[in-house]
Amino acid sequence: MLTVDFDRFPVGPGDRVLDMGCGGGRHAFALYRRGADVTALDMDAAELKDVSAMFAAMAEAGEVPEGASARTVRGTAYDLPFADGTFDRIIAAEVLEHLPEDERAMRELFRVLKPGGLIAVTVPRWGPELVCWALSSAYHEVEGGHVRIYRGSELRRRLAGTGLEPTGEHHTHALHAPYWWLKCAVGVTDGEHPLVKAYHRLLVWDMMKKPKVTQLAERLLNPVVGKSLVVYLQKPAQVSHAA
């Protein structure tokens, strides 16, 4: 399940792309299939081991274009282990809401992005996320959990404060918002609850089959209850000394 829309965020062969906070690798795998030179960064060594194994399996199965490359790097968002202007594209999907020093991480993202490069940042949307917090403290009061809820204007302001220029945004994953409200209502760790299991089956069916009815429903509902906010930005081609 991808959050970034590659029609809005073009990536092609030869692009050097950082997936910052790659987690299980969903965007990193999509980038690799598009022929990019992918760096998947995370602090979780176990996750990175699985991502690396998947990269190898994709290459072995011939799922990636000739010339594409992919690697994993263990590192922190606060001190990215890359030189200035390393990447043509950066994705930071569902990461910043976990970071107490989010503006420090944003400055690092700006630093390692090339002038003229593009970045896509996604976070939980304010309204649906507020419902989750209201229904369950266990949803966010866990180690490594969410430390803030962003309003869209706040996220754009903080990112623009680094020198990045917003170019567009949208909301997505509307069908997932009720799923998380349901989990928070019955207990976020209760994966065996009948209602949670039934809704999860619906989501898996939707992702696998992509029926027109649910695709249309999600498009209509995304502006209202889309679970994630996606903001696209560009680093100016000429970066001022102040930036």
# chains A, B, ... in the order shown; residues from 1 in each chain; ligands from 1
>>> residues_around(residues="stretch 26-30 of chain A", least_positions_apart="5", cutoff="12 Å", atoms="only C-alpha atoms", output="ChimeraX atom specification")
/A:1-6,10-12,16-21,35-42,47-48,50-59,63-65,68-72,89-94,120,122
>>> write_last_selection(atoms="N, CA and C atoms", output="compact mmCIF listing (two decimals), in the first residue's frame")
# COMPACT_ATOMS: atom_id res chain seq x y z
N MET A 1 0.85 -1.19 0.00
CA MET A 1 0.00 0.00 0.00
C MET A 1 0.88 1.24 0.00
N LEU A 2 0.85 1.97 -1.09
CA LEU A 2 1.68 3.15 -1.23
C LEU A 2 0.91 4.41 -0.82
N THR A 3 1.60 5.30 -0.15
CA THR A 3 1.02 6.58 0.25
C THR A 3 1.40 7.68 -0.72
N VAL A 4 2.62 7.63 -1.22
CA VAL A 4 3.10 8.61 -2.20
C VAL A 4 2.54 8.27 -3.57
N ASP A 5 2.08 9.27 -4.29
CA ASP A 5 1.54 9.13 -5.63
C ASP A 5 2.65 9.42 -6.64
N PHE A 6 3.11 8.40 -7.36
CA PHE A 6 4.23 8.59 -8.27
C PHE A 6 3.85 9.33 -9.54
N PRO A 10 7.45 12.14 -9.71
CA PRO A 10 8.09 11.29 -10.72
C PRO A 10 9.46 10.79 -10.28
N VAL A 11 9.66 9.50 -10.47
CA VAL A 11 10.94 8.84 -10.18
C VAL A 11 11.24 7.90 -11.34
N GLY A 12 12.48 7.95 -11.82
CA GLY A 12 12.83 7.10 -12.95
C GLY A 12 14.22 6.52 -12.82
N ARG A 16 18.68 9.06 -7.78
CA ARG A 16 19.16 8.64 -6.46
C ARG A 16 18.09 9.04 -5.44
N VAL A 17 17.52 8.03 -4.77
CA VAL A 17 16.36 8.28 -3.93
C VAL A 17 16.60 7.73 -2.53
N LEU A 18 16.30 8.54 -1.52
CA LEU A 18 16.35 8.13 -0.12
C LEU A 18 14.95 7.88 0.40
N ASP A 19 14.74 6.68 0.95
CA ASP A 19 13.51 6.39 1.69
C ASP A 19 13.88 6.48 3.16
N MET A 20 13.62 7.65 3.75
CA MET A 20 14.05 7.93 5.13
C MET A 20 13.02 7.40 6.11
N GLY A 21 13.43 6.45 6.96
CA GLY A 21 12.49 5.79 7.84
C GLY A 21 11.68 4.78 7.05
N GLY A 35 13.40 1.57 -11.21
CA GLY A 35 14.74 1.70 -11.75
C GLY A 35 15.64 2.68 -11.03
N ALA A 36 15.22 3.16 -9.87
CA ALA A 36 16.00 4.15 -9.13
C ALA A 36 17.19 3.49 -8.42
N ASP A 37 18.12 4.33 -8.00
CA ASP A 37 19.19 3.92 -7.10
C ASP A 37 18.71 4.24 -5.68
N VAL A 38 18.27 3.22 -4.97
CA VAL A 38 17.51 3.39 -3.73
C VAL A 38 18.39 3.20 -2.50
N THR A 39 18.26 4.11 -1.55
CA THR A 39 18.84 3.95 -0.23
C THR A 39 17.70 3.92 0.78
N ALA A 40 17.55 2.80 1.48
CA ALA A 40 16.50 2.64 2.49
C ALA A 40 17.13 2.78 3.86
N LEU A 41 16.77 3.84 4.57
CA LEU A 41 17.37 4.12 5.87
C LEU A 41 16.36 3.92 6.99
N ASP A 42 16.81 3.30 8.07
CA ASP A 42 15.97 3.12 9.25
C ASP A 42 16.88 2.84 10.43
N GLU A 47 14.17 -4.71 10.74
CA GLU A 47 13.43 -4.28 9.55
C GLU A 47 14.37 -4.19 8.35
N LEU A 48 15.55 -3.62 8.55
CA LEU A 48 16.50 -3.45 7.46
C LEU A 48 16.96 -4.80 6.91
N ASP A 50 15.19 -7.51 6.75
CA ASP A 50 14.11 -8.02 5.89
C ASP A 50 14.04 -7.24 4.58
N VAL A 51 14.23 -5.92 4.65
CA VAL A 51 14.20 -5.11 3.43
C VAL A 51 15.34 -5.51 2.49
N SER A 52 16.52 -5.72 3.05
CA SER A 52 17.66 -6.12 2.25
C SER A 52 17.41 -7.47 1.57
N ALA A 53 16.80 -8.40 2.31
CA ALA A 53 16.49 -9.71 1.73
C ALA A 53 15.49 -9.57 0.59
N MET A 54 14.53 -8.68 0.74
CA MET A 54 13.54 -8.47 -0.31
C MET A 54 14.18 -7.84 -1.53
N PHE A 55 15.10 -6.89 -1.34
CA PHE A 55 15.82 -6.31 -2.46
C PHE A 55 16.52 -7.41 -3.27
N ALA A 56 17.18 -8.31 -2.56
CA ALA A 56 17.90 -9.39 -3.22
C ALA A 56 16.95 -10.31 -3.98
N ALA A 57 15.80 -10.61 -3.36
CA ALA A 57 14.81 -11.49 -4.01
C ALA A 57 14.23 -10.83 -5.26
N MET A 58 13.99 -9.52 -5.20
CA MET A 58 13.46 -8.81 -6.37
C MET A 58 14.45 -8.84 -7.52
N ALA A 59 15.72 -8.63 -7.22
CA ALA A 59 16.74 -8.66 -8.26
C ALA A 59 16.85 -10.06 -8.86
N GLU A 63 12.65 -8.52 -11.21
CA GLU A 63 11.56 -7.55 -11.04
C GLU A 63 12.02 -6.10 -11.19
N VAL A 64 13.31 -5.87 -11.36
CA VAL A 64 13.81 -4.49 -11.41
C VAL A 64 14.57 -4.27 -12.71
N PRO A 65 14.54 -3.04 -13.23
CA PRO A 65 15.24 -2.75 -14.49
C PRO A 65 16.75 -2.88 -14.34
N ALA A 68 19.37 -0.58 -12.02
CA ALA A 68 18.84 -0.12 -10.73
C ALA A 68 19.68 -0.70 -9.60
N SER A 69 19.71 -0.01 -8.48
CA SER A 69 20.45 -0.50 -7.33
C SER A 69 19.67 -0.20 -6.05
N ALA A 70 19.95 -0.96 -5.01
CA ALA A 70 19.25 -0.76 -3.74
C ALA A 70 20.15 -1.20 -2.59
N ARG A 71 20.13 -0.42 -1.53
CA ARG A 71 20.92 -0.76 -0.34
C ARG A 71 20.18 -0.29 0.89
N THR A 72 20.54 -0.86 2.02
CA THR A 72 19.98 -0.43 3.30
C THR A 72 21.08 0.22 4.13
N ARG A 89 15.73 12.66 -5.05
CA ARG A 89 14.39 12.52 -4.49
C ARG A 89 14.52 11.97 -3.07
N ILE A 90 13.58 12.36 -2.21
CA ILE A 90 13.50 11.81 -0.85
C ILE A 90 12.04 11.55 -0.52
N ILE A 91 11.81 10.41 0.12
CA ILE A 91 10.49 10.10 0.69
C ILE A 91 10.66 9.97 2.20
N ALA A 92 9.81 10.65 2.95
CA ALA A 92 9.74 10.50 4.41
C ALA A 92 8.28 10.23 4.75
N ALA A 93 7.92 8.94 4.76
CA ALA A 93 6.53 8.53 4.90
C ALA A 93 6.22 8.06 6.31
N GLU A 94 5.32 8.78 6.98
CA GLU A 94 4.85 8.42 8.32
C GLU A 94 6.01 8.30 9.30
N ALA A 120 8.83 14.08 -0.84
CA ALA A 120 7.44 13.79 -0.46
C ALA A 120 7.42 13.43 1.01
N THR A 122 4.85 12.44 4.25
CA THR A 122 3.50 12.04 4.64
C THR A 122 3.43 11.89 6.15
>>> residues_around(residues="A:Glu165", least_positions_apart="4", cutoff="9 Å", atoms="only C-alpha atoms", output="JSON, numbers by chain")
{"A": [156, 159, 160, 232, 233, 234, 235, 236]}
>>> residues_around(residues="A:Glu129", least_positions_apart="2", cutoff="12 Å", atoms="only C-alpha atoms", output="ChimeraX atom specification")
/A:97,123-127,131-137,139-140,146-151,174,176-181,184,225-229
>>> select_by_dssp(residues="stretch 21-243 of chain A", states="strand (DSSP E or B)", output="ChimeraX atom specification")
/A:37-42,69-74,87-93,113-124,165-172,228-234
>>> select_by_dssp(residues="stretch 89-170 of chain A", states="helix (DSSP H, G or I)", output="MDAnalysis selection string")
chainID A and resid 96:98 102:112 126:135 152:160
>>> closest_residue(among="A:Glu103, A:Gly116, A:His173, A:Leu31", to="A:Asp206", atoms="only C-alpha atoms")
A:His173
>>> atom_distance(atom1="atom CA of A:Val231", atom2="atom CA of A:Thr162")
14.5 Å
>>> atom_distance(atom1="atom CA of A:Val112", atom2="atom CA of A:Leu80")
7.8 Å
>>> atom_distance(atom1="atom CA of A:Phe87", atom2="atom CA of A:Gly14")
10.8 Å
>>> residues_around(residues="A:Glu108", least_positions_apart="3", cutoff="7 Å", atoms="only C-alpha atoms", output="list of chain:residue names")
A:Tyr78, A:Asp79, A:Leu80, A:Arg104, A:Ala105, A:Arg111, A:Val112
